[in-house]
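Participant: Handing you a structure now.
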Amino acid sequence: MGYKDVEALWNESCDSEVLSLCQNLVRINTTNPPGNEEAAVRCLVDYLKDTNVESRIISHGKDRASVVFRLKGAGNKDALLFNGHVDTVPAGNVKWVHDPFAGEIADGKIWGRGASDMKGGIAAMAVAMACIARSGIKLAGDLILAATAGEEIDSLGAMAVADRASEMGPVQAIVIGEPSYNEVFIAEKGALWLEVCTFGKTAHGSMPELGNNAITMMLPVISAIEEMEIPFEVHPYLGGFTKSINTISGGVKVNVVPDLCAIQVDMRTVPGQQHQAIVARVEEILRTFQRQRPGFSAALKVVNDRPPVATSPDDPAVKLFSGAVARVTGKMPKLQGVAYYTDATALVPAFKCPMVICGPGAPGAAHQPDEWVEIGKLSEAGRIYVQAALNFLAEGGLAS
Ligand SMILES: [Zn+2]
């Protein structure tokens, strides 16, 4: 057996390291907002400090940071980029059985906020990197790990990494460690969040004819957005486009004609759709009302704009990565798509390369009270990442 096999590299020490690194990360509260990711970044830097992995911290201001680790290869292959975020959603108001920030172990699982989404994935990626670094193997390309801040809100960290894409050099594929229970996701929907405001004029509620009611002004806008047909092609892994008007606000008092009303629309797009074209359609609706209705005044704002991201199932990167999963688990993963977005929406357009999502967390545990990750899945993910690095970066190609 040559060095191209994970079993020669991953040992019991790696199992215990991934367990304690995941616990340590869970114990650092990186609830976003405010984030506080710098402490988690320092924990990762500290873990990798005794290896020859280089680290570069990207500061995002007080207590917030991302980090890019690089294990230098010596060959002509493009880099493989591992990515994961270190922030989490809040623990919420529901009482947890297990302390969300203690990293408790029970029933073969590590419990805590972020265990699944996705400190488990980050821990497995970091240990995989250390495992390869310590082995002394010279890969034929660089292995990079970007641990990012801010994914749960604005992908602040991934945007900063994307800004550095040209100086980071060519990347052949991105592996995102979001929870997939070690299955492989190859497509994610885009998100386009729009806000429409209508502007009227206040008046006493007993004399509405003296005002201009922003809420009634919004009614035809709501109907038009509801009825608007947006063309799309059903994607084999993602299904179709969706839109939903999810917030509405307006008015201050029952006896005051409102001068402001606002709605927010959540649209989820599939490959082939252009966000700019959708925005232009909504702008056209507003312009038409402006022409047709005296006193109509409205403004449109794009609140969030993430393109859909999909990798072809026939892409060599999917084959190489699925091969790594099969090598470790004994079965080929079932390829799937996900409706939510990840840091891939920032990274893929910047690095112009395929991506796969694979991580040890169970998707159903993410963002829930009493979040958990199975210890067995954690080690399995670490071995998958080691094997993936070998498949993508070993001299001579795929392990035989
Ligand atoms: Zn996540």
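Each chain in the structure tokens gets a letter, A, B and so on, in the order shown; residues start at 1 in every chain, and ligands are counted from 1 in the order they appear.
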Would you kindly return, as a list of chain:residue names, each protein, DNA or RNA residue with an atom no farther than 12 Å from any atom of Pro208 of chain A, considering only C-alpha atoms and excluding same-chain residues fewer than 3 positions away?

Facilitator: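 Residues near the query, excluding close chain neighbours: A:Gly200, A:Lys201, A:Thr202, A:Ala203, A:His204, A:Gly205, A:Gly211, A:Asn212, A:Asn213, A:Ala214, A:Thr216, A:Val254, A:Asn255, A:Val256, A:Val257, A:Pro258, A:Asp259.
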
Participant: Could you save the residues just selected, with N, CA and C atoms, as a compact mmCIF listing (two decimals), in the first residue's frame?

Facilitator:
```txt
# COMPACT_ATOMS: atom_id res chain seq x y z
N GLY A 200 -45.86 57.54 1.21
CA GLY A 200 -47.07 58.36 1.10
C GLY A 200 -46.93 59.63 1.91
N LYS A 201 -48.03 60.04 2.51
CA LYS A 201 -48.02 61.29 3.29
C LYS A 201 -48.96 61.08 4.47
N THR A 202 -48.52 61.47 5.67
CA THR A 202 -49.37 61.28 6.85
C THR A 202 -50.51 62.31 6.85
N ALA A 203 -51.57 61.91 7.54
CA ALA A 203 -52.69 62.83 7.78
C ALA A 203 -53.45 62.27 8.99
N HIS A 204 -54.34 63.07 9.56
CA HIS A 204 -55.15 62.56 10.66
C HIS A 204 -56.05 61.45 10.12
N GLY A 205 -56.19 60.39 10.94
CA GLY A 205 -56.96 59.23 10.49
C GLY A 205 -58.41 59.56 10.17
N GLY A 211 -54.24 62.81 3.24
CA GLY A 211 -52.97 62.10 3.22
C GLY A 211 -52.82 61.25 1.97
N ASN A 212 -51.78 60.44 1.99
CA ASN A 212 -51.54 59.50 0.88
C ASN A 212 -51.09 58.19 1.55
N ASN A 213 -51.95 57.18 1.48
CA ASN A 213 -51.78 55.98 2.30
C ASN A 213 -50.75 55.01 1.69
N ALA A 214 -49.61 54.86 2.38
CA ALA A 214 -48.52 54.02 1.85
C ALA A 214 -48.88 52.53 1.88
N THR A 216 -52.06 51.14 1.43
CA THR A 216 -52.92 50.80 0.28
C THR A 216 -52.14 50.93 -1.02
N VAL A 254 -53.24 53.80 14.89
CA VAL A 254 -54.51 53.53 14.20
C VAL A 254 -55.13 54.81 13.64
N ASN A 255 -54.83 55.95 14.24
CA ASN A 255 -55.47 57.19 13.76
C ASN A 255 -54.55 58.08 12.94
N VAL A 256 -53.50 57.46 12.36
CA VAL A 256 -52.59 58.22 11.48
C VAL A 256 -52.48 57.52 10.13
N VAL A 257 -52.73 58.23 9.06
CA VAL A 257 -52.53 57.66 7.71
C VAL A 257 -51.03 57.39 7.54
N PRO A 258 -50.67 56.15 7.18
CA PRO A 258 -49.24 55.80 7.13
C PRO A 258 -48.53 56.43 5.92
N ASP A 259 -47.30 56.88 6.17
CA ASP A 259 -46.52 57.44 5.07
C ASP A 259 -45.44 56.48 4.58
```

Participant: Please return as a list in words the residues found within 10 Å of ligand 1, counting only C-alpha atoms and all ligand atoms.

Facilitator: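 Answer in the requested format: Gly84, His85, Val86, Asp87, Thr88, Val89, Gly114, Ser116, Asp117, Met118, Lys119, Gly121, Gly150, Glu151, Glu152, Ile176, Gly177, Glu178, Pro179, Tyr340, Tyr341, Thr342, Asp343, Gly359, Gly361, Pro363, Ala366 and His367 of chain A.
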
Participant: Using the chain letters and numbers from this document, which residues of segment 35-85 of chain A does DSSP assign to helix (DSSP H, G or I), as a list in words?

Facilitator: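 Across segment 35-85 of chain A, those assigned helix (DSSP H, G or I) are Glu37, Glu38, Ala39, Ala40, Val41, Arg42, Cys43, Leu44, Val45, Asp46, Tyr47 and Leu48 of chain A.
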
Participant: Those residues you just picked out, can you put them in a file as an mmCIF file, in the first residue's frame with N, CA and C atoms?

Facilitator:
```
data_model
loop_
_atom_site.group_PDB
_atom_site.id
_atom_site.type_symbol
_atom_site.label_atom_id
_atom_site.label_comp_id
_atom_site.auth_asym_id
_atom_site.auth_seq_id
_atom_site.Cartn_x
_atom_site.Cartn_y
_atom_site.Cartn_z
ATOM 1 N N GLU A 37 -15.337 35.734 16.067
ATOM 2 C CA GLU A 37 -14.659 34.593 15.433
ATOM 3 C C GLU A 37 -13.159 34.563 15.665
ATOM 4 N N GLU A 38 -12.574 35.708 16.048
ATOM 5 C CA GLU A 38 -11.116 35.741 16.179
ATOM 6 C C GLU A 38 -10.623 34.691 17.189
ATOM 7 N N ALA A 39 -11.379 34.482 18.266
ATOM 8 C CA ALA A 39 -10.962 33.502 19.269
ATOM 9 C C ALA A 39 -10.924 32.089 18.672
ATOM 10 N N ALA A 40 -11.890 31.780 17.814
ATOM 11 C CA ALA A 40 -11.903 30.456 17.168
ATOM 12 C C ALA A 40 -10.759 30.334 16.168
ATOM 13 N N VAL A 41 -10.486 31.426 15.463
ATOM 14 C CA VAL A 41 -9.367 31.454 14.520
ATOM 15 C C VAL A 41 -8.047 31.204 15.268
ATOM 16 N N ARG A 42 -7.896 31.845 16.426
ATOM 17 C CA ARG A 42 -6.671 31.653 17.239
ATOM 18 C C ARG A 42 -6.542 30.195 17.694
ATOM 19 N N CYS A 43 -7.659 29.594 18.023
ATOM 20 C CA CYS A 43 -7.669 28.187 18.449
ATOM 21 C C CYS A 43 -7.153 27.293 17.315
ATOM 22 N N LEU A 44 -7.577 27.579 16.087
ATOM 23 C CA LEU A 44 -7.118 26.787 14.936
ATOM 24 C C LEU A 44 -5.639 27.039 14.648
ATOM 25 N N VAL A 45 -5.226 28.308 14.732
ATOM 26 C CA VAL A 45 -3.816 28.649 14.502
ATOM 27 C C VAL A 45 -2.951 27.928 15.536
ATOM 28 N N ASP A 46 -3.428 27.921 16.759
ATOM 29 C CA ASP A 46 -2.684 27.268 17.839
ATOM 30 C C ASP A 46 -2.578 25.757 17.573
ATOM 31 N N TYR A 47 -3.667 25.176 17.107
ATOM 32 C CA TYR A 47 -3.651 23.737 16.837
ATOM 33 C C TYR A 47 -2.632 23.386 15.746
ATOM 34 N N LEU A 48 -2.523 24.220 14.728
ATOM 35 C CA LEU A 48 -1.647 23.904 13.579
ATOM 36 C C LEU A 48 -0.230 24.472 13.715
#
```

Participant: In Å, rounded to a single decimal, give me how far atom CA of Pro360 of chain A is from atom CA of Glu380 of chain A.

Facilitator: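 Rounded to one decimal, the two atoms are 7.5 Å apart.
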
Participant: Do you know which residues are at most 12 Å from Arg327 of chain A counting only C-alpha atoms, after dropping those on the same chain fewer than 6 positions away, and could you put them as a list in words?

Facilitator: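 Near neighbours after the sequence-gap exclusion: Lys4, Asp5, Val6, Glu7, Lys319, Leu320, Phe321, Pro333, Glu380, Ala381, Arg383, Ile384, Tyr385, Val386, Gln387, Ala388, Leu390, Asn391, Leu398, Ala399 and Ser400 of chain A.
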
Participant: What is the atom CA of Ala326 of chain A-atom CA of Tyr181 of chain A distance in Å, reported with one decimal?

Facilitator: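 Answer for the atom CA of Ala326 of chain A to atom CA of Tyr181 of chain A separation: 13.7 Å.
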
Participant: Which residues are close to Lys334 of chain A, i.e. within 10 Å by only C-alpha atoms, leaving aside same-chain residues fewer than 3 positions away? Reply as a short mmCIF file (atom, residue, chain, number, x, y, z; two decimals) with N, CA and C atoms, in the first residue's frame.

Facilitator:
```cif
data_model
loop_
_atom_site.label_atom_id
_atom_site.label_comp_id
_atom_site.auth_asym_id
_atom_site.auth_seq_id
_atom_site.Cartn_x
_atom_site.Cartn_y
_atom_site.Cartn_z
N GLU A 183 -22.54 12.88 3.10
CA GLU A 183 -23.00 12.70 1.71
C GLU A 183 -22.43 13.87 0.90
N VAL A 184 -22.67 13.88 -0.41
CA VAL A 184 -22.07 14.91 -1.24
C VAL A 184 -23.16 15.75 -1.92
N PHE A 185 -23.14 17.04 -1.63
CA PHE A 185 -24.06 17.98 -2.28
C PHE A 185 -23.28 18.74 -3.35
N SER A 322 -16.09 12.05 -4.78
CA SER A 322 -16.95 10.89 -4.48
C SER A 322 -16.10 9.64 -4.29
N LYS A 331 -19.05 3.04 0.30
CA LYS A 331 -20.13 3.16 -0.70
C LYS A 331 -20.09 4.52 -1.38
#
```

Participant: Quick one: residues within 12 Å of Asp305 of chain A, only C-alpha atoms, excluding same-chain residues fewer than 4 positions away - as a PyMOL selection string?

Facilitator: chain A and resi 154-155+189-195+266-269+274-276+278-279+301+341+345-346

Participant: Include N, CA and C atoms and write out the residues we just selected as a PDB file, in the first residue's frame.

Facilitator:
```pdb
ATOM      1  N   ASP A 154     -23.555  37.552   6.482  1.00  0.00           N
ATOM      2  CA  ASP A 154     -23.228  38.223   5.220  1.00  0.00           C
ATOM      3  C   ASP A 154     -22.008  37.634   4.506  1.00  0.00           C
ATOM      4  N   SER A 155     -21.504  36.487   4.984  1.00  0.00           N
ATOM      5  CA  SER A 155     -20.307  35.879   4.379  1.00  0.00           C
ATOM      6  C   SER A 155     -19.137  36.862   4.300  1.00  0.00           C
ATOM      7  N   LYS A 189     -29.089  26.512  -4.197  1.00  0.00           N
ATOM      8  CA  LYS A 189     -29.872  27.584  -4.804  1.00  0.00           C
ATOM      9  C   LYS A 189     -29.242  28.935  -4.508  1.00  0.00           C
ATOM     10  N   GLY A 190     -29.533  29.903  -5.360  1.00  0.00           N
ATOM     11  CA  GLY A 190     -29.156  31.279  -5.083  1.00  0.00           C
ATOM     12  C   GLY A 190     -30.228  31.929  -4.229  1.00  0.00           C
ATOM     13  N   ALA A 191     -29.893  33.076  -3.655  1.00  0.00           N
ATOM     14  CA  ALA A 191     -30.863  33.827  -2.866  1.00  0.00           C
ATOM     15  C   ALA A 191     -30.883  35.261  -3.367  1.00  0.00           C
ATOM     16  N   LEU A 192     -32.083  35.760  -3.610  1.00  0.00           N
ATOM     17  CA  LEU A 192     -32.242  37.160  -3.983  1.00  0.00           C
ATOM     18  C   LEU A 192     -33.321  37.737  -3.076  1.00  0.00           C
ATOM     19  N   TRP A 193     -32.891  38.590  -2.146  1.00  0.00           N
ATOM     20  CA  TRP A 193     -33.838  39.190  -1.188  1.00  0.00           C
ATOM     21  C   TRP A 193     -34.049  40.640  -1.577  1.00  0.00           C
ATOM     22  N   LEU A 194     -35.317  40.976  -1.798  1.00  0.00           N
ATOM     23  CA  LEU A 194     -35.654  42.333  -2.214  1.00  0.00           C
ATOM     24  C   LEU A 194     -36.515  43.020  -1.161  1.00  0.00           C
ATOM     25  N   GLU A 195     -36.318  44.328  -1.056  1.00  0.00           N
ATOM     26  CA  GLU A 195     -37.176  45.123  -0.180  1.00  0.00           C
ATOM     27  C   GLU A 195     -37.822  46.203  -1.031  1.00  0.00           C
ATOM     28  N   ASP A 266     -38.359  36.992  -0.409  1.00  0.00           N
ATOM     29  CA  ASP A 266     -37.264  36.017  -0.447  1.00  0.00           C
ATOM     30  C   ASP A 266     -37.422  35.182  -1.718  1.00  0.00           C
ATOM     31  N   MET A 267     -36.490  35.332  -2.643  1.00  0.00           N
ATOM     32  CA  MET A 267     -36.526  34.536  -3.870  1.00  0.00           C
ATOM     33  C   MET A 267     -35.342  33.582  -3.867  1.00  0.00           C
ATOM     34  N   ARG A 268     -35.563  32.327  -4.242  1.00  0.00           N
ATOM     35  CA  ARG A 268     -34.499  31.324  -4.314  1.00  0.00           C
ATOM     36  C   ARG A 268     -34.376  30.875  -5.765  1.00  0.00           C
ATOM     37  N   THR A 269     -33.208  31.088  -6.321  1.00  0.00           N
ATOM     38  CA  THR A 269     -33.030  30.906  -7.759  1.00  0.00           C
ATOM     39  C   THR A 269     -32.264  29.635  -8.087  1.00  0.00           C
ATOM     40  N   GLN A 274     -30.888  34.846 -14.110  1.00  0.00           N
ATOM     41  CA  GLN A 274     -30.038  36.013 -13.870  1.00  0.00           C
ATOM     42  C   GLN A 274     -30.735  36.922 -12.860  1.00  0.00           C
ATOM     43  N   HIS A 275     -30.075  37.174 -11.746  1.00  0.00           N
ATOM     44  CA  HIS A 275     -30.686  38.019 -10.715  1.00  0.00           C
ATOM     45  C   HIS A 275     -30.995  39.424 -11.228  1.00  0.00           C
ATOM     46  N   GLN A 276     -30.084  39.937 -12.055  1.00  0.00           N
ATOM     47  CA  GLN A 276     -30.297  41.300 -12.586  1.00  0.00           C
ATOM     48  C   GLN A 276     -31.579  41.388 -13.387  1.00  0.00           C
ATOM     49  N   ILE A 278     -34.274  39.611 -12.917  1.00  0.00           N
ATOM     50  CA  ILE A 278     -35.417  39.572 -11.985  1.00  0.00           C
ATOM     51  C   ILE A 278     -35.608  40.952 -11.347  1.00  0.00           C
ATOM     52  N   VAL A 279     -34.504  41.565 -10.929  1.00  0.00           N
ATOM     53  CA  VAL A 279     -34.569  42.902 -10.332  1.00  0.00           C
ATOM     54  C   VAL A 279     -35.174  43.882 -11.339  1.00  0.00           C
ATOM     55  N   LYS A 301     -34.872  47.924  -3.098  1.00  0.00           N
ATOM     56  CA  LYS A 301     -33.506  47.723  -2.616  1.00  0.00           C
ATOM     57  C   LYS A 301     -33.191  46.227  -2.650  1.00  0.00           C
ATOM     58  N   TYR A 341     -28.022  28.559   0.932  1.00  0.00           N
ATOM     59  CA  TYR A 341     -26.736  28.925   0.324  1.00  0.00           C
ATOM     60  C   TYR A 341     -25.620  28.828   1.351  1.00  0.00           C
ATOM     61  N   THR A 345     -21.242  30.600  -2.588  1.00  0.00           N
ATOM     62  CA  THR A 345     -21.774  31.662  -3.460  1.00  0.00           C
ATOM     63  C   THR A 345     -20.782  32.817  -3.591  1.00  0.00           C
ATOM     64  N   ALA A 346     -19.904  32.962  -2.607  1.00  0.00           N
ATOM     65  CA  ALA A 346     -18.849  33.987  -2.715  1.00  0.00           C
ATOM     66  C   ALA A 346     -17.594  33.409  -3.360  1.00  0.00           C
TER      67      ALA A 346
END
```

Participant: Residues near segment 219-230 of chain A, anyone? I mean within 12 Å using only C-alpha atoms, not counting same-chain ones fewer than 4 positions away, as a compact mmCIF listing (two decimals) with N, CA and C atoms, in the first residue's frame.

Facilitator:
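Output below, filename out_28.txt:
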```txt
# COMPACT_ATOMS: atom_id res chain seq x y z
N LEU A 194 -35.32 40.98 -1.80
CA LEU A 194 -35.65 42.33 -2.21
C LEU A 194 -36.51 43.02 -1.16
N GLU A 195 -36.32 44.33 -1.06
CA GLU A 195 -37.18 45.12 -0.18
C GLU A 195 -37.82 46.20 -1.03
N VAL A 196 -39.15 46.32 -0.92
CA VAL A 196 -39.85 47.40 -1.62
C VAL A 196 -40.48 48.30 -0.57
N CYS A 197 -40.25 49.61 -0.69
CA CYS A 197 -40.89 50.58 0.19
C CYS A 197 -41.81 51.46 -0.63
N THR A 198 -42.97 51.76 -0.07
CA THR A 198 -43.85 52.76 -0.69
C THR A 198 -43.88 53.98 0.22
N ASN A 213 -51.95 57.18 1.48
CA ASN A 213 -51.78 55.98 2.30
C ASN A 213 -50.75 55.01 1.69
N ALA A 214 -49.61 54.86 2.38
CA ALA A 214 -48.52 54.02 1.85
C ALA A 214 -48.88 52.53 1.88
N ILE A 215 -49.77 52.13 2.81
CA ILE A 215 -50.14 50.70 2.88
C ILE A 215 -51.03 50.32 1.70
N GLY A 240 -37.19 23.84 -8.53
CA GLY A 240 -37.53 25.09 -9.21
C GLY A 240 -37.26 26.33 -8.38
N PHE A 241 -37.53 27.47 -9.05
CA PHE A 241 -37.44 28.79 -8.42
C PHE A 241 -38.59 28.96 -7.44
N THR A 242 -38.35 29.65 -6.32
CA THR A 242 -39.45 29.99 -5.41
C THR A 242 -39.38 31.46 -5.05
N LYS A 243 -40.54 32.01 -4.73
CA LYS A 243 -40.55 33.36 -4.16
C LYS A 243 -41.63 33.44 -3.09
N SER A 244 -41.36 34.26 -2.07
CA SER A 244 -42.30 34.36 -0.97
C SER A 244 -42.15 35.75 -0.33
N ILE A 245 -43.26 36.45 -0.18
CA ILE A 245 -43.22 37.75 0.52
C ILE A 245 -43.29 37.45 2.01
N ASN A 246 -42.19 37.74 2.71
CA ASN A 246 -42.08 37.22 4.09
C ASN A 246 -42.14 38.26 5.20
N THR A 247 -42.01 39.54 4.88
CA THR A 247 -42.24 40.56 5.93
C THR A 247 -43.05 41.70 5.33
N ILE A 248 -43.81 42.34 6.22
CA ILE A 248 -44.51 43.57 5.83
C ILE A 248 -44.56 44.46 7.06
N GLY A 250 -45.63 48.73 8.32
CA GLY A 250 -46.12 50.04 7.89
C GLY A 250 -47.07 50.60 8.92
N CYS A 261 -44.58 52.10 3.96
CA CYS A 261 -44.86 50.67 4.05
C CYS A 261 -43.70 49.94 3.39
N ALA A 262 -43.32 48.79 3.96
CA ALA A 262 -42.18 48.05 3.40
C ALA A 262 -42.50 46.56 3.38
N ILE A 263 -42.12 45.90 2.31
CA ILE A 263 -42.21 44.43 2.26
C ILE A 263 -40.84 43.87 1.89
N GLN A 264 -40.61 42.62 2.31
CA GLN A 264 -39.38 41.93 1.89
C GLN A 264 -39.76 40.62 1.24
N VAL A 265 -39.10 40.34 0.13
CA VAL A 265 -39.40 39.15 -0.67
C VAL A 265 -38.17 38.26 -0.71
N ASP A 266 -38.36 36.99 -0.41
CA ASP A 266 -37.26 36.02 -0.45
C ASP A 266 -37.42 35.18 -1.72
N MET A 267 -36.49 35.33 -2.64
CA MET A 267 -36.53 34.54 -3.87
C MET A 267 -35.34 33.58 -3.87
N ARG A 268 -35.56 32.33 -4.24
CA ARG A 268 -34.50 31.32 -4.31
C ARG A 268 -34.38 30.87 -5.77
N THR A 269 -33.21 31.09 -6.32
CA THR A 269 -33.03 30.91 -7.76
C THR A 269 -32.26 29.64 -8.09
N VAL A 270 -32.37 29.23 -9.33
CA VAL A 270 -31.68 28.03 -9.81
C VAL A 270 -30.76 28.41 -10.97
N GLY A 272 -29.08 29.25 -14.35
CA GLY A 272 -29.71 29.71 -15.59
C GLY A 272 -30.47 31.00 -15.38
N GLN A 273 -30.86 31.31 -14.14
CA GLN A 273 -31.57 32.55 -13.89
C GLN A 273 -30.57 33.67 -13.60
N GLN A 274 -30.89 34.85 -14.11
CA GLN A 274 -30.04 36.01 -13.87
C GLN A 274 -30.74 36.92 -12.86
N HIS A 275 -30.08 37.17 -11.75
CA HIS A 275 -30.69 38.02 -10.71
C HIS A 275 -30.99 39.42 -11.23
N ALA A 277 -31.90 40.33 -14.12
CA ALA A 277 -33.11 40.33 -14.95
C ALA A 277 -34.35 40.33 -14.04
N ILE A 278 -34.27 39.61 -12.92
CA ILE A 278 -35.42 39.57 -11.99
C ILE A 278 -35.61 40.95 -11.35
N VAL A 279 -34.50 41.57 -10.93
CA VAL A 279 -34.57 42.90 -10.33
C VAL A 279 -35.17 43.88 -11.34
N ALA A 280 -34.76 43.77 -12.59
CA ALA A 280 -35.28 44.67 -13.63
C ALA A 280 -36.79 44.50 -13.81
N ARG A 281 -37.27 43.26 -13.67
CA ARG A 281 -38.72 43.01 -13.78
C ARG A 281 -39.48 43.73 -12.67
N VAL A 282 -38.96 43.67 -11.45
CA VAL A 282 -39.65 44.33 -10.32
C VAL A 282 -39.57 45.85 -10.49
N GLU A 283 -38.43 46.33 -10.95
CA GLU A 283 -38.31 47.78 -11.20
C GLU A 283 -39.33 48.24 -12.23
N GLU A 284 -39.54 47.42 -13.23
CA GLU A 284 -40.49 47.75 -14.29
C GLU A 284 -41.92 47.83 -13.73
N ILE A 285 -42.26 46.90 -12.84
CA ILE A 285 -43.58 46.93 -12.19
C ILE A 285 -43.77 48.28 -11.47
N LEU A 286 -42.74 48.68 -10.72
CA LEU A 286 -42.85 49.93 -9.95
C LEU A 286 -42.95 51.14 -10.88
N ARG A 287 -42.16 51.10 -11.96
CA ARG A 287 -42.21 52.22 -12.92
C ARG A 287 -43.59 52.34 -13.57
N THR A 288 -44.18 51.17 -13.87
CA THR A 288 -45.52 51.19 -14.48
C THR A 288 -46.54 51.81 -13.54
N PHE A 289 -46.51 51.41 -12.27
CA PHE A 289 -47.44 52.00 -11.30
C PHE A 289 -47.20 53.51 -11.16
N GLN A 290 -45.93 53.90 -11.23
CA GLN A 290 -45.59 55.32 -11.10
C GLN A 290 -46.23 56.14 -12.25
N GLN A 292 -48.93 55.11 -14.01
CA GLN A 292 -50.39 54.95 -14.07
C GLN A 292 -51.13 55.54 -12.87
N ARG A 293 -50.47 55.63 -11.73
CA ARG A 293 -51.19 55.99 -10.51
C ARG A 293 -50.65 57.29 -9.93
N PHE A 296 -48.22 57.76 -6.63
CA PHE A 296 -47.49 56.52 -6.33
C PHE A 296 -45.99 56.80 -6.25
N SER A 297 -45.38 56.35 -5.17
CA SER A 297 -43.93 56.53 -5.02
C SER A 297 -43.36 55.30 -4.32
N ALA A 298 -42.36 54.69 -4.92
CA ALA A 298 -41.80 53.46 -4.34
C ALA A 298 -40.33 53.35 -4.65
N ALA A 299 -39.64 52.55 -3.83
CA ALA A 299 -38.21 52.31 -4.08
C ALA A 299 -37.92 50.84 -3.85
N LEU A 300 -36.95 50.33 -4.61
CA LEU A 300 -36.56 48.93 -4.51
C LEU A 300 -35.11 48.85 -4.02
```

Participant: Would you list, as a PyMOL selection string, the residues of segment 50-281 of chain A that end up in strand (DSSP E) under DSSP run on this structure's backbone?

Facilitator: chain A and resi 54-59+65-71+79-85+105-106+109-111+143-148+171-176+184-188+190-199+242-250+260-269

Participant: Between atom CA of Val356 of chain A and atom CA of Ala173 of chain A, what is the spacing in Å?

Facilitator: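 Between atom CA of Ala173 of chain A and atom CA of Val356 of chain A the gap works out to 7.9 Å.
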
Participant: Go through A:Asp163, A:Glu188, A:Glu209, A:Asp50 one by one, measure the shortest atom-to-atom distance of each to Ala339 of chain A using only C-alpha atoms, and give the residue with the smallest value.

Facilitator: A:Glu188

Participant: Tell me, as a list in words, which residues lie within 8 Å of Ala65 of chain A, counting only C-alpha atoms; anything in the same chain fewer than 3 positions away does not count.

Facilitator: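 Contacts, with the query itself left out: Asn36, Glu37, Glu38, Val41, Ile57, Ile58, Ser59, His60, Gly61, Thr148, Ala149 and Gly157 of chain A.
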
Participant: With only C-alpha atoms as the basis for distance, which of A:Met217, A:Ile122, A:Leu156, A:Leu71 is at the shortest distance from Pro294 of chain A?

Facilitator: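 Smallest distance to Pro294 of chain A is found for A:Met217.
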
Participant: Please identify every residue of segment 108-166 of chain A that has at least one atom no farther than 10 Å from an atom of segment 14-21 of chain A, counting only C-alpha atoms, and for each give the shortest atom pair and the distance in Å to one decimal, arranged by chain then increasing number, as JSON lines.

Facilitator:
```
{"residue": "A:Lys109", "atom": "CA", "partner": "A:Leu19", "partner_atom": "CA", "distance": 9.7}
{"residue": "A:Ile110", "atom": "CA", "partner": "A:Leu19", "partner_atom": "CA", "distance": 8.0}
{"residue": "A:Lys119", "atom": "CA", "partner": "A:Leu21", "partner_atom": "CA", "distance": 8.8}
{"residue": "A:Gly120", "atom": "CA", "partner": "A:Val18", "partner_atom": "CA", "distance": 8.0}
{"residue": "A:Gly121", "atom": "CA", "partner": "A:Val18", "partner_atom": "CA", "distance": 9.6}
{"residue": "A:Ile122", "atom": "CA", "partner": "A:Leu21", "partner_atom": "CA", "distance": 9.1}
{"residue": "A:Ala123", "atom": "CA", "partner": "A:Val18", "partner_atom": "CA", "distance": 5.7}
{"residue": "A:Ala124", "atom": "CA", "partner": "A:Val18", "partner_atom": "CA", "distance": 5.7}
{"residue": "A:Met125", "atom": "CA", "partner": "A:Val18", "partner_atom": "CA", "distance": 8.9}
{"residue": "A:Ala126", "atom": "CA", "partner": "A:Val18", "partner_atom": "CA", "distance": 8.2}
{"residue": "A:Val127", "atom": "CA", "partner": "A:Val18", "partner_atom": "CA", "distance": 6.0}
{"residue": "A:Ala128", "atom": "CA", "partner": "A:Cys14", "partner_atom": "CA", "distance": 8.0}
{"residue": "A:Ala130", "atom": "CA", "partner": "A:Cys14", "partner_atom": "CA", "distance": 8.8}
{"residue": "A:Cys131", "atom": "CA", "partner": "A:Cys14", "partner_atom": "CA", "distance": 7.1}
```

Participant: Pick out the closest residue to Gln23 of chain A from this set: A:Met355, A:Val338, A:Ala102, A:Ile144. Count only C-alpha atoms.

Facilitator: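 Residue with the minimum atom-to-atom distance to Gln23 of chain A: A:Ala102.
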